[in-house]
Amino acid sequence: MAMALWKGNEAIAEAAVRAGIEAFFGYPITPQTELLEYMSERLPELGRVFLQAESELAAINMVYGAGCGGAHAMTSSSSPGISLMTEGMSYIFASEVPAVVVDVMRGGPGLGNIQPSQSDYFQLTRAAGHGDLHPIVLAPSTVQEAVDLMYDAVPLAQEYRTLVILAADGSLGQMMEPAWMPPMRSLPAESERPTWATRGAAGRPKRIITSLYLNEDDLEALNIRLQAKLRTIQESEQRWEEVETADADVLLVAFGSVGRICGTVVREARARGFKVGLYRPITLWPFPTPRLRELAGQMRQILVTEMNAGQMLDDVRLAVEGRCPIGFYGRTGGVIPFPDEILEALVDLVDAPEAAPARVSGEAP
Amino acid sequence: MNNGNGNGHAPSVAPEIGTVVYRRPAALSPAYTHYCPGCTHGIIHRLIAEAIDELGIRERALLVTPVGCSVLMYNYFELDAVEAAHGRAPAMATGLKRSQPDKVVFTYQGDGDLASIGAAEIIHAANRGENITVFFINNAVYGMTSGQMAPTTLLGQVTTSTPHGRDAHMHGYPMRAAELIAGLPGACYVVRRSVYDVRTVRQARKAVITAFKTQMAGLGFSMVEFLSSCPTNWRLSPSDALAWIRDNMEPYFPLGDYKVADAVHKLSG
């Protein structure tokens, strides 16, 4: 398929179809609704399942049900809807049912607004439901990358029998830009369905999919197994992008849309003579810690910048472990930072690393 | 697996010695249940298992279990089964059925699960005409958490969270789920039964079969509500608990057919 101009939400939807999604259950919420609308036309046309659920609670549990049967199922939502889905996400994770969720993040907390935000970082990486769990969280910075990560999300969910979340934000969902679409994957035949899926106990023992383990030793054994799987994912699935890090002595760390904005900041800073590089985590969980730790050894300062009050900042601090000073610049409430603001914060940090305060959301410099 | 006369009941003529007249349905597993003595979950489980055997659907039945006393019922059935979050069984069943329309998908839900925390999910599944079957166990109390008020607790009924009896002004009214759901256009077969004596058990058995047949014919949403006993949390003996269903629950929750679509009438005809 030739490169075409795609709206982010629709591009993610088409990429999901091509990735092999067979069933979509969702509930309208701005700024992701075009994804659901696109699926409402596209999936029935292919003889696949689309259903508008009565709530995000129902939608995630429909995904859970379809996934138990071995179908490649997904939902999409935005921040307040993701809060409702965390109950189901915990059950999905615990019972090791593959599922894909798209979060097109908007400003919070509460009803917030419909502008772009990255303030679900904690919720997605730390608190996607009760219990000890982490989904795989993928954070694209362009529409093309959103397509590519969506295409990878489906096999990742299947391979690890886990929950994969594509963490975009309102600007990525709403913007239009050129993207290539990957080829259409074929759907599994009945004989290729997973050996754990509930498809009827025909000529074999029954299968039970549950997250209930009343005996504490059994539940601990489950947790030990789940944690071992998470360690495997941590070892195998870290993704990040580096820009001009080879000779850098100052490092920007940013993900998603802000990571993209920081590409401009790096160019402008270098034009002013600063040796600035960019580290852009693509997997927010597993966070790409080892390479960041390594890079921190060569830096005089690190500036973390996010569209939140400092959430990934915690992971950067854990990775850097005091190897160099870390500054923070964040905008909240759906405000997208301009490159100039970030550059200014960067210059302040370089000039006086000990004095430069962490700044959030339009505070006077 | 049948006993030879096709309905799981003893034949009218005395059998030869050594003839099997009554056996565990193939859809039931040979497990001991954890239910309290006198609880009618066991009878209802058996009726469902007999219906599955009789209809020959064990190998394509998918059970969605609830949160409540019957949370472990997947251990008691020889079926593929999934365990739902509290109240979400109709949503899970929707996901299963939409992606595997050739299967027979059913939920089994208590009054807290279906009529309280899962009220939205059951209403919308029914209203969509979701082609699933729901068995709703109404015992007017939260059993597993040891006896709190349910949405179906009767006025004046003492529970551990209505120590002076349910008061309409403070706690609202007992909810009549079958009547509510029967009012939805997507619902196809909605009836209320009980299992407090031989007559009601036999009526319930027929309703379970009709509910499955409704789904198998692709007609839409089917639900059988059962008035069920909870001797433990009612603080009654098993036999007194059965009488309590008849004398106290049935007047407020009348047994009967609340919605039987014409197409369902033709099925059983």
# chains A, B, ... in the order shown; residues from 1 in each chain; ligands from 1
>>> interface_residues(of="chain A", to="chain B", cutoff="8 Å", atoms="only C-alpha atoms", output="number ranges by chain")
A: 22-23, 49, 54, 58-59, 61-69, 71, 88, 91, 198-203, 205-212
>>> write_last_selection(atoms="C-alpha atoms", output="PDB file, in the first residue's frame")
ATOM      1  CA  GLU A  22     -10.665  -9.830  15.076  1.00  0.00           C
ATOM      2  CA  ALA A  23     -12.866  -8.152  17.646  1.00  0.00           C
ATOM      3  CA  VAL A  49     -16.608  -8.304  15.333  1.00  0.00           C
ATOM      4  CA  GLU A  54     -22.494   0.337  27.216  1.00  0.00           C
ATOM      5  CA  ALA A  58     -18.265  -3.570  29.761  1.00  0.00           C
ATOM      6  CA  ALA A  59     -15.910  -3.007  26.829  1.00  0.00           C
ATOM      7  CA  ASN A  61     -14.773  -7.334  29.905  1.00  0.00           C
ATOM      8  CA  MET A  62     -16.001  -8.074  26.374  1.00  0.00           C
ATOM      9  CA  VAL A  63     -12.351  -7.968  25.288  1.00  0.00           C
ATOM     10  CA  TYR A  64     -11.599 -10.338  28.176  1.00  0.00           C
ATOM     11  CA  GLY A  65     -14.339 -12.746  27.068  1.00  0.00           C
ATOM     12  CA  ALA A  66     -13.339 -12.722  23.411  1.00  0.00           C
ATOM     13  CA  GLY A  67      -9.688 -13.089  24.412  1.00  0.00           C
ATOM     14  CA  CYS A  68     -10.481 -16.113  26.605  1.00  0.00           C
ATOM     15  CA  GLY A  69     -11.744 -17.791  23.472  1.00  0.00           C
ATOM     16  CA  ALA A  71      -9.699 -14.244  19.562  1.00  0.00           C
ATOM     17  CA  GLY A  88     -10.746  -5.676  33.806  1.00  0.00           C
ATOM     18  CA  TYR A  91      -8.177  -9.790  35.592  1.00  0.00           C
ATOM     19  CA  THR A 198     -12.020 -21.789  25.886  1.00  0.00           C
ATOM     20  CA  ARG A 199     -13.631 -22.942  22.653  1.00  0.00           C
ATOM     21  CA  GLY A 200     -15.707 -25.852  23.935  1.00  0.00           C
ATOM     22  CA  ALA A 201     -14.489 -29.045  25.615  1.00  0.00           C
ATOM     23  CA  ALA A 202     -14.836 -31.203  22.505  1.00  0.00           C
ATOM     24  CA  GLY A 203     -12.793 -34.389  22.718  1.00  0.00           C
ATOM     25  CA  PRO A 205     -10.522 -32.113  29.070  1.00  0.00           C
ATOM     26  CA  LYS A 206     -12.260 -28.877  30.035  1.00  0.00           C
ATOM     27  CA  ARG A 207     -10.305 -25.638  30.255  1.00  0.00           C
ATOM     28  CA  ILE A 208     -10.833 -23.039  32.964  1.00  0.00           C
ATOM     29  CA  ILE A 209      -9.647 -19.435  32.748  1.00  0.00           C
ATOM     30  CA  THR A 210      -9.728 -17.778  36.145  1.00  0.00           C
ATOM     31  CA  SER A 211      -7.843 -15.328  38.316  1.00  0.00           C
ATOM     32  CA  LEU A 212      -9.147 -16.892  41.544  1.00  0.00           C
TER      33      LEU A 212
END
>>> select_by_dssp(residues="stretch 128-344 of chain A", states="alpha helix (DSSP H)", output="ChimeraX atom specification")
/A:143-160,170-174,216-236,256-271,289-296,312-320,339-344
>>> atom_distance(atom1="atom CA of A:Gln238", atom2="atom CA of A:Ala168")
17.6 Å
>>> select_by_dssp(residues="stretch 119-300 of chain A", states="strand (DSSP E or B)", output="ChimeraX atom specification")
/A:136-138,163-169,176-179,208-209,240-243,250-253,276-281,283-285
>>> write_last_selection(atoms="C-alpha atoms", output="short mmCIF file (atom, residue, chain, number, x, y, z; two decimals), in the first residue's frame")
data_model
loop_
_atom_site.label_atom_id
_atom_site.label_comp_id
_atom_site.auth_asym_id
_atom_site.auth_seq_id
_atom_site.Cartn_x
_atom_site.Cartn_y
_atom_site.Cartn_z
CA ILE A 136 3.72 -3.70 28.11
CA VAL A 137 3.32 0.02 27.34
CA LEU A 138 4.32 1.34 23.90
CA LEU A 163 -1.83 -6.97 28.16
CA VAL A 164 -0.25 -4.51 25.74
CA ILE A 165 -1.18 -0.82 25.89
CA LEU A 166 -0.47 1.64 23.10
CA ALA A 167 -0.04 4.96 24.91
CA ALA A 168 -0.67 7.77 22.47
CA ASP A 169 -1.94 11.23 23.29
CA MET A 176 -2.86 13.89 10.10
CA GLU A 177 0.42 12.90 8.53
CA PRO A 178 1.70 10.46 5.93
CA ALA A 179 2.08 6.84 6.93
CA ILE A 208 -10.83 -23.04 32.96
CA ILE A 209 -9.65 -19.44 32.75
CA TRP A 240 14.15 3.45 22.76
CA GLU A 241 15.48 5.96 20.26
CA GLU A 242 18.63 8.03 20.63
CA VAL A 243 19.33 11.29 18.80
CA VAL A 250 23.51 17.17 28.16
CA LEU A 251 20.63 14.75 27.65
CA LEU A 252 16.96 15.38 27.06
CA VAL A 253 14.66 12.51 28.07
CA VAL A 276 22.65 18.04 23.50
CA GLY A 277 21.28 14.58 22.80
CA LEU A 278 17.84 12.99 23.15
CA TYR A 279 16.84 9.71 24.76
CA ARG A 280 13.30 8.77 23.84
CA PRO A 281 11.88 5.70 25.60
CA THR A 283 8.59 1.14 25.81
CA LEU A 284 7.44 2.96 28.95
CA TRP A 285 7.17 -0.48 30.53
#
